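Shown below: input.csv, with CSV, C-alpha atoms.
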chain,number,residue,atom,x,y,z
A,1,MET,CA,-23.3,8.4,8.9
A,2,LEU,CA,-20.0,8.3,10.9
A,3,SER,CA,-21.6,7.2,14.2
A,4,ASP,CA,-23.8,4.7,12.4
A,5,ASN,CA,-20.8,3.0,10.8
A,6,VAL,CA,-18.9,2.9,14.0
A,7,SER,CA,-21.9,1.5,15.9
A,8,ARG,CA,-22.3,-1.3,13.3
A,9,ILE,CA,-18.6,-2.2,13.5
A,10,VAL,CA,-18.4,-2.1,17.3
A,11,GLY,CA,-21.6,-4.0,17.6
A,12,ALA,CA,-20.3,-6.8,15.4
A,13,ARG,CA,-16.9,-6.9,17.1
A,14,VAL,CA,-18.5,-7.2,20.5
A,15,ASN,CA,-21.5,-9.4,19.9
A,16,ASP,CA,-20.5,-11.4,16.8
A,17,PRO,CA,-16.7,-11.5,16.2
A,18,GLY,CA,-17.3,-14.3,13.6
A,19,ALA,CA,-19.0,-11.7,11.4
A,20,VAL,CA,-15.6,-10.8,10.0
A,21,ALA,CA,-15.0,-14.3,8.7
A,22,THR,CA,-18.6,-14.5,7.4
A,23,ALA,CA,-18.2,-11.2,5.6
A,24,ALA,CA,-14.9,-12.3,4.0
A,25,ALA,CA,-16.5,-15.6,2.9
A,26,ARG,CA,-19.4,-13.8,1.3
A,27,ARG,CA,-17.4,-11.1,-0.4
A,28,ILE,CA,-17.6,-11.1,-4.2
A,29,ARG,CA,-13.9,-11.3,-5.3
A,30,ALA,CA,-12.5,-9.2,-8.1
A,31,THR,CA,-12.0,-11.1,-11.3
A,32,SER,CA,-8.9,-9.1,-12.1
A,33,PRO,CA,-6.6,-6.6,-10.4
A,34,PHE,CA,-7.3,-4.2,-13.3
A,35,GLY,CA,-10.3,-2.1,-14.1
A,36,GLU,CA,-12.0,-1.3,-17.4
A,37,HIS,CA,-9.3,1.3,-18.0
A,38,GLY,CA,-6.8,-1.6,-18.0
A,39,LYS,CA,-4.9,-0.4,-14.9
A,40,ALA,CA,-5.0,-0.9,-11.1
A,41,MET,CA,-6.3,1.9,-8.9
A,42,ILE,CA,-5.7,1.0,-5.3
A,43,ILE,CA,-6.5,3.1,-2.2
A,44,ALA,CA,-3.8,2.7,0.5
A,45,ALA,CA,-4.6,3.1,4.2
A,46,ASP,CA,-2.0,1.2,6.2
A,47,HIS,CA,-0.2,4.2,7.6
A,48,PRO,CA,-1.7,4.4,11.1
A,49,ALA,CA,-0.3,0.9,12.1
A,50,ARG,CA,3.2,2.3,11.7
A,51,GLY,CA,2.3,5.4,13.8
A,52,ALA,CA,2.3,7.6,10.7
A,53,ASN,CA,-0.9,9.5,11.3
A,54,ALA,CA,0.1,12.9,10.0
A,55,VAL,CA,-1.2,14.5,6.9
A,56,GLY,CA,0.1,18.0,6.0
A,57,GLY,CA,0.0,20.1,9.1
A,58,ASP,CA,-2.3,17.8,11.1
A,59,PRO,CA,-0.2,15.3,13.1
A,60,SER,CA,-3.2,13.1,13.9
A,61,ALA,CA,-5.4,13.3,10.8
A,62,MET,CA,-5.5,9.6,10.1
A,63,ALA,CA,-5.9,8.7,13.8
A,64,ASP,CA,-9.6,9.5,13.7
A,65,ARG,CA,-10.9,6.1,12.6
A,66,SER,CA,-14.5,7.1,11.9
A,67,ARG,CA,-13.4,9.9,9.6
A,68,LEU,CA,-10.8,7.7,7.9
A,69,LEU,CA,-13.4,5.0,7.3
A,70,ASP,CA,-15.8,7.6,5.9
A,71,ARG,CA,-13.2,8.8,3.5
A,72,LEU,CA,-12.3,5.3,2.5
A,73,CYS,CA,-15.9,4.4,1.8
A,74,VAL,CA,-16.2,7.4,-0.5
A,75,ALA,CA,-12.9,6.6,-2.3
A,76,VAL,CA,-13.4,2.8,-2.7
A,77,GLU,CA,-16.9,3.3,-4.2
A,78,ARG,CA,-15.8,5.8,-6.9
A,79,PRO,CA,-15.9,4.4,-10.5
A,80,GLY,CA,-12.6,3.0,-11.6
A,81,VAL,CA,-11.2,2.2,-8.2
A,82,THR,CA,-10.1,-1.4,-8.3
A,83,GLY,CA,-8.8,-2.2,-4.8
A,84,VAL,CA,-7.7,-1.4,-1.2
A,85,LEU,CA,-4.5,-1.9,0.7
A,86,GLY,CA,-4.6,-2.0,4.5
A,87,THR,CA,-3.9,-3.7,7.8
A,88,ALA,CA,-6.3,-6.2,9.3
A,89,ASP,CA,-8.1,-3.7,11.6
A,90,ILE,CA,-9.0,-1.5,8.7
A,91,LEU,CA,-9.8,-4.2,6.1
A,92,GLU,CA,-12.0,-6.0,8.6
A,93,ASP,CA,-13.9,-2.7,9.3
A,94,LEU,CA,-14.4,-2.3,5.6
A,95,LEU,CA,-15.6,-6.0,5.3
A,96,LEU,CA,-18.1,-5.3,8.0
A,97,LEU,CA,-19.3,-2.3,6.1
A,98,GLY,CA,-19.7,-4.4,3.0
A,99,VAL,CA,-17.7,-2.1,0.6
A,100,LEU,CA,-15.1,-4.6,-0.7
A,101,ASP,CA,-17.2,-6.5,-3.1
A,102,GLY,CA,-15.6,-6.7,-6.5
A,103,LYS,CA,-12.4,-5.1,-5.3
A,104,SER,CA,-8.8,-6.4,-5.1
A,105,VAL,CA,-7.7,-6.5,-1.5
A,106,PHE,CA,-4.1,-6.4,-0.3
A,107,GLY,CA,-2.9,-7.0,3.2
A,108,SER,CA,-0.1,-5.0,4.7
A,109,MET,CA,2.4,-7.4,6.3
A,110,ASN,CA,5.2,-5.6,8.1
A,111,ARG,CA,4.5,-2.6,10.3
A,112,ALA,CA,7.0,-2.9,13.2
A,113,GLY,CA,9.3,-0.2,11.8
A,114,LEU,CA,7.4,2.6,13.6
A,115,ALA,CA,7.8,6.0,12.1
A,116,GLY,CA,10.5,8.0,13.9
A,117,SER,CA,11.8,5.1,16.1
A,118,VAL,CA,15.4,4.1,16.6
A,119,PHE,CA,14.4,0.6,15.2
A,120,GLU,CA,12.6,1.9,12.2
A,121,ILE,CA,14.7,-0.2,9.8
A,122,ASP,CA,14.1,-3.4,11.8
A,123,ASP,CA,10.7,-3.7,10.1
A,124,ARG,CA,9.4,-7.0,11.4
A,125,PHE,CA,6.2,-8.7,10.2
A,126,THR,CA,3.5,-7.8,12.7
A,127,GLY,CA,0.6,-7.6,10.3
A,128,TYR,CA,-0.8,-10.1,7.8
A,129,ASP,CA,0.9,-13.3,6.8
A,130,ALA,CA,0.5,-15.2,3.5
A,131,GLN,CA,-1.6,-18.0,5.1
A,132,THR,CA,-4.2,-15.5,6.4
A,133,ILE,CA,-4.2,-13.5,3.2
A,134,ALA,CA,-5.1,-16.6,1.4
A,135,ALA,CA,-7.7,-17.7,3.9
A,136,MET,CA,-9.4,-14.3,3.8
A,137,GLY,CA,-9.7,-14.6,0.0
A,138,PHE,CA,-7.5,-11.6,-0.6
A,139,ASP,CA,-5.3,-11.0,-3.6
A,140,GLY,CA,-1.9,-10.4,-2.2
A,141,GLY,CA,0.3,-8.8,0.5
A,142,LYS,CA,2.5,-5.7,0.6
A,143,MET,CA,5.8,-5.4,2.3
A,144,LEU,CA,7.8,-2.2,2.9
A,145,THR,CA,11.5,-2.9,2.3
A,146,ARG,CA,13.9,-0.2,3.3
A,147,ILE,CA,17.5,-0.9,2.5
A,148,ALA,CA,19.9,1.0,4.8
A,149,LEU,CA,23.5,0.2,4.0
A,150,ASP,CA,24.5,1.8,7.3
A,151,ASP,CA,22.1,-0.3,9.5
A,152,PRO,CA,23.0,-3.9,10.4
A,153,ALA,CA,19.2,-4.7,10.6
A,154,THR,CA,19.0,-4.6,6.8
A,155,PRO,CA,19.9,-8.2,6.1
A,156,SER,CA,17.0,-9.4,8.3
A,157,VAL,CA,14.7,-7.0,6.5
A,158,LEU,CA,15.7,-8.5,3.1
A,159,GLN,CA,15.4,-12.1,4.5
A,160,ASN,CA,12.0,-11.4,5.9
A,161,THR,CA,10.8,-9.9,2.6
A,162,ALA,CA,12.2,-12.8,0.6
A,163,ARG,CA,10.4,-15.2,2.9
A,164,ALA,CA,7.1,-13.4,2.4
A,165,VAL,CA,7.6,-13.3,-1.4
A,166,ASP,CA,8.2,-17.0,-1.4
A,167,GLU,CA,5.1,-17.7,0.8
A,168,LEU,CA,2.8,-15.5,-1.4
A,169,ASN,CA,4.3,-16.9,-4.6
A,170,ASP,CA,3.6,-20.5,-3.4
A,171,ARG,CA,0.0,-19.5,-3.0
A,172,ARG,CA,-0.2,-17.7,-6.4
A,173,LEU,CA,-0.8,-14.4,-4.6
A,174,ILE,CA,0.7,-11.0,-5.5
A,175,ALA,CA,3.7,-10.1,-3.5
A,176,MET,CA,3.8,-6.3,-3.6
A,177,VAL,CA,7.3,-5.1,-2.6
A,178,GLU,CA,7.9,-1.5,-1.8
A,179,PRO,CA,11.7,-0.9,-1.7
A,180,PHE,CA,13.7,2.2,-0.8
A,181,ILE,CA,17.3,3.0,-0.3
A,182,SER,CA,17.3,4.6,3.1
A,183,ARG,CA,19.8,6.4,5.3
A,184,TRP,CA,20.0,7.6,8.9
A,185,GLN,CA,20.2,11.4,8.9
A,186,ASP,CA,20.1,13.5,12.1
A,187,GLY,CA,18.6,10.6,14.0
A,188,ARG,CA,15.8,9.9,11.4
A,189,ILE,CA,15.4,7.6,8.4
A,190,ARG,CA,15.3,9.3,5.1
A,191,ASN,CA,14.4,7.6,1.8
A,192,ASP,CA,16.7,8.5,-1.0
A,193,LEU,CA,14.5,9.5,-4.0
A,194,SER,CA,17.2,10.1,-6.5
A,195,PRO,CA,16.8,8.1,-9.7
A,196,ASP,CA,20.0,6.2,-9.1
A,197,ALA,CA,18.9,5.2,-5.6
A,198,VAL,CA,15.5,4.1,-6.7
A,199,VAL,CA,17.1,2.0,-9.5
A,200,LYS,CA,19.3,0.3,-7.0
A,201,SER,CA,16.4,-0.4,-4.8
A,202,ILE,CA,14.5,-1.9,-7.7
A,203,THR,CA,17.3,-4.2,-8.8
A,204,ILE,CA,17.7,-5.5,-5.2
A,205,ALA,CA,14.0,-6.0,-4.6
A,206,SER,CA,13.5,-7.7,-8.0
A,207,GLY,CA,15.9,-10.5,-6.9
A,208,LEU,CA,14.3,-11.4,-3.6
A,209,GLY,CA,12.8,-14.8,-3.2
A,210,ARG,CA,13.1,-18.1,-5.0
A,211,ARG,CA,10.3,-17.2,-7.5
A,212,THR,CA,9.2,-13.9,-8.8
A,213,ALA,CA,6.2,-14.9,-11.0
A,214,TYR,CA,3.8,-13.1,-8.7
A,215,THR,CA,6.1,-10.3,-7.5
A,216,TRP,CA,5.1,-6.7,-8.2
A,217,LEU,CA,6.9,-3.5,-7.2
A,218,LYS,CA,5.4,-0.5,-5.5
A,219,LEU,CA,7.5,2.5,-6.4
A,220,PRO,CA,7.8,6.2,-5.9
A,221,VAL,CA,7.5,8.6,-8.9
A,222,VAL,CA,10.8,10.4,-9.2
A,223,ASP,CA,12.8,12.1,-11.9
A,224,ASP,CA,13.8,10.1,-15.0
A,225,MET,CA,11.1,7.5,-14.6
A,226,GLU,CA,11.7,6.0,-18.0
A,227,ARG,CA,15.2,4.9,-16.9
A,228,VAL,CA,14.0,4.0,-13.4
A,229,LEU,CA,11.3,1.7,-14.7
A,230,ALA,CA,13.6,0.2,-17.3
A,231,SER,CA,15.6,-1.5,-14.5
A,232,SER,CA,13.1,-4.4,-14.1
A,233,THR,CA,10.5,-6.3,-16.0
A,234,LEU,CA,8.4,-6.8,-12.9
A,235,PRO,CA,5.0,-5.1,-12.9
A,236,ALA,CA,5.1,-1.8,-11.1
A,237,LEU,CA,2.5,0.2,-9.2
A,238,LEU,CA,3.2,3.8,-8.6
A,239,LEU,CA,2.8,5.2,-5.1
A,240,GLY,CA,1.5,8.7,-4.3
A,241,GLY,CA,3.1,9.6,-1.0
A,242,GLU,CA,2.2,12.9,0.6
A,243,VAL,CA,1.6,15.5,-2.1
A,244,LYS,CA,2.3,19.2,-1.7
A,245,ASP,CA,1.6,20.3,-5.3
A,246,ALA,CA,-1.3,18.3,-6.6
A,247,ASP,CA,-1.0,19.5,-10.2
A,248,ALA,CA,2.6,18.6,-10.4
A,249,ALA,CA,2.0,15.2,-8.8
A,250,PHE,CA,-0.8,14.3,-11.1
A,251,ALA,CA,1.3,15.4,-14.1
A,252,SER,CA,4.2,13.2,-13.0
A,253,TRP,CA,1.9,10.2,-12.3
A,254,GLY,CA,0.3,10.5,-15.8
A,255,LYS,CA,3.7,10.6,-17.5
A,256,ALA,CA,5.1,7.6,-15.5
A,257,LEU,CA,2.0,5.5,-16.3
A,258,LYS,CA,2.9,5.6,-20.0
A,259,GLN,CA,5.9,3.3,-19.3
A,260,PRO,CA,5.3,-0.4,-20.1
A,261,THR,CA,5.8,-1.9,-16.7
A,262,ALA,CA,3.6,0.7,-14.9
A,263,GLN,CA,0.4,-1.1,-14.1
A,264,GLY,CA,-1.5,1.5,-12.0
A,265,LEU,CA,-1.5,3.6,-8.9
A,266,VAL,CA,-1.4,2.9,-5.1
A,267,VAL,CA,-2.3,6.1,-3.5
A,268,GLY,CA,-3.4,6.9,0.1
A,269,ARG,CA,-3.1,10.2,1.9
A,270,SER,CA,-3.1,12.5,-1.1
A,271,LEU,CA,-6.5,11.1,-2.2
A,272,LEU,CA,-8.0,10.5,1.2
A,273,TYR,CA,-7.0,13.9,2.5
A,274,PRO,CA,-6.8,16.3,-0.4
A,275,SER,CA,-6.1,20.0,0.4
A,276,ASP,CA,-9.6,21.0,-0.8
A,277,GLY,CA,-11.3,18.2,1.2
A,278,ASP,CA,-13.0,16.7,-2.0
A,279,VAL,CA,-12.1,13.0,-1.7
A,280,ALA,CA,-14.4,12.0,-4.6
A,281,GLY,CA,-12.9,14.7,-6.9
A,282,ALA,CA,-9.3,13.7,-6.1
A,283,VAL,CA,-10.0,10.0,-6.7
A,284,ASP,CA,-11.8,10.8,-10.0
A,285,ARG,CA,-8.9,12.9,-11.1
A,286,ALA,CA,-6.5,10.0,-10.4
A,287,VAL,CA,-8.7,7.5,-12.2
A,288,SER,CA,-8.8,9.8,-15.2
A,289,LEU,CA,-5.0,9.3,-15.6
A,290,LEU,CA,-5.5,5.6,-16.2

Please, can you express the file's structure as C-alpha cells?
Amino acid sequence: MLSDNVSRIVGARVNDPGAVATAAARRIRATSPFGEHGKAMIIAADHPARGANAVGGDPSAMADRSRLLDRLCVAVERPGVTGVLGTADILEDLLLLGVLDGKSVFGSMNRAGLAGSVFEIDDRFTGYDAQTIAAMGFDGGKMLTRIALDDPATPSVLQNTARAVDELNDRRLIAMVEPFISRWQDGRIRNDLSPDAVVKSITIASGLGRRTAYTWLKLPVVDDMERVLASSTLPALLLGGEVKDADAAFASWGKALKQPTAQGLVVGRSLLYPSDGDVAGAVDRAVSLL
C-alpha cells in the first residue's frame, strides 16, 4: 500500500504535473466546516515543513513521507473527520490520492520559523498565500503567530499575520490564527501556556487585520479554559499538540469543547502517532468528544 501510493504520486509529479490542478478542480468541496456532530475535526500535518519531525522519542517520525501519508489516509477517512491542515506538498499528495473529497482543506501559510533556529520568531510566509488557497478551492489558511516581547522580529510577525487575515477575509476564506506568547529561554523559544499568557495572546490575535468576520483562532488547551475562551468571541479550534498522557488530554479536550466559542479540534501528532499505534482508534476517540 505504501509503495503503491508513493509510486502513484511520483508518477503523476514526473509525467503529469498538471494532475494536481486537475485533482483540485475535480475535488468535491465540503458544504460546511462542521460534521454531523456540529463541530470541526481537522487533522493537522504541517509540522515537517518547519523541521519539526519529532514525535515522542523518535526525532524523525514525521520525516518518513510514505508512512505519514498512510497514517493521514487512515485518519482522514474515519467517520466524523471534517478536514485537513497541511502545506502544499502534503495537500497535493492527498489530492493525488483522492482522499480530500467532502473535506475542508486549510493551507499552512508561514513555515520559515524553523524549529530550534535563532530566527524562529521571524516566521515569514513561505507556504500558501490567500490567492492560491482560493484558486485551489480550499477553505482557509492557517498562520502560526508567536509573540515574543523580547524579540524585535515580533512586529513583522504581527504585520504579516494581519496582512494574511485581510487577504483571506477579502476572499471570504477562514483565517485560522494560532497565537502564542513566546519567550527565549536557554537559546530556545518556549511558548508560555499559562492561562494569563494565552488570554493575552488571544486578545492580541483577535485584533489583527481590518476585518475579522472570517477570523478563527487555533488555541492550546490549558488550565482555566472557561476564562481563557471568554477573552474573545471569535470561533476557536482547540489544538492537540504532543500528548504524553492520552487520558488526561482527551478529558481536557472534552471539557474545553463545552465552551460556546469552541468549534472543534485541530489535532496532528497525537492522533497520527498514538503511543499504541492505533491511528483509527485515536481518531475515533477524538471524534467521540464532539

Do a neighbour search on A:Val177 at 10 Å with only C-alpha atoms, toss out local chain neighbours closer than 3 positions, and write the hits as a PyMOL selection string.
chain A and resi 141-145+161-162+164-165+174+180+202+205-206+208+215-219+236-237

Could you please determine the separation between atom CA of A:Leu234 and atom CA of A:Ala175 in Å, to one decimal place?
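Distance between the two atoms: 11.0 Å.
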
Within 12 Å of A:Ser275, counting all atoms listed in the file, which residues show up once you throw out same-chain ones fewer than 2 positions away? Write them as a count of residues only, please.
20

Would you list the contacts of A:Leu257 as a PDB file with C-alpha atoms, keeping the file's coordinate frame, taking every protein, DNA or RNA residue within 10 Å and counting all atoms listed in the file, but skipping same-chain residues closer than 2 positions in sequence?
ATOM      1  CA  LYS A  39      -4.900  -0.400 -14.900  1.00  0.00           C
ATOM      2  CA  VAL A 221       7.500   8.600  -8.900  1.00  0.00           C
ATOM      3  CA  MET A 225      11.100   7.500 -14.600  1.00  0.00           C
ATOM      4  CA  GLU A 226      11.700   6.000 -18.000  1.00  0.00           C
ATOM      5  CA  ALA A 236       5.100  -1.800 -11.100  1.00  0.00           C
ATOM      6  CA  LEU A 237       2.500   0.200  -9.200  1.00  0.00           C
ATOM      7  CA  LEU A 238       3.200   3.800  -8.600  1.00  0.00           C
ATOM      8  CA  SER A 252       4.200  13.200 -13.000  1.00  0.00           C
ATOM      9  CA  TRP A 253       1.900  10.200 -12.300  1.00  0.00           C
ATOM     10  CA  GLY A 254       0.300  10.500 -15.800  1.00  0.00           C
ATOM     11  CA  LYS A 255       3.700  10.600 -17.500  1.00  0.00           C
ATOM     12  CA  GLN A 259       5.900   3.300 -19.300  1.00  0.00           C
ATOM     13  CA  PRO A 260       5.300  -0.400 -20.100  1.00  0.00           C
ATOM     14  CA  THR A 261       5.800  -1.900 -16.700  1.00  0.00           C
ATOM     15  CA  ALA A 262       3.600   0.700 -14.900  1.00  0.00           C
ATOM     16  CA  GLN A 263       0.400  -1.100 -14.100  1.00  0.00           C
ATOM     17  CA  GLY A 264      -1.500   1.500 -12.000  1.00  0.00           C
ATOM     18  CA  LEU A 265      -1.500   3.600  -8.900  1.00  0.00           C
ATOM     19  CA  LEU A 289      -5.000   9.300 -15.600  1.00  0.00           C
ATOM     20  CA  LEU A 290      -5.500   5.600 -16.200  1.00  0.00           C
TER      21      LEU A 290
END

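Shortest atom-to-atom contact with A:Ala112 among A:Gly98, A:Gly127, A:Pro235, A:Gly140: A:Gly127, counting all atoms listed in the file.
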
One-decimal distance in Å that lies between atom CA of A:Leu94 and atom CA of A:Gly240:
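Atom CA of A:Leu94 lies at a distance of 21.7 Å from atom CA of A:Gly240.
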
Need to verify the contact set: A:Asp101, 12 Å, all atoms listed in the file, exclusion of same-chain residues closer than 2 positions in sequence. Can you return it as a list in words?
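Non-adjacent residues within range: Ala23, Ala24, Ala25, Arg26, Arg27, Ile28, Arg29, Ala30, Thr31, Val76, Glu77, Val81, Thr82, Gly83, Val84, Leu94, Leu95, Leu96, Leu97, Gly98, Val99, Lys103, Ser104, Val105, Gly137 and Phe138 of chain A.
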
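With atom CA of A:Asp129 on one side and atom CA of A:Ser66 on the other, the separation reads 26.1 Å.
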
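When only C-alpha atoms are used to compute distances to A:Glu36, the closest of the residues A:Arg188, A:Ser156, A:Val14, A:Val287 turns out to be A:Val287.
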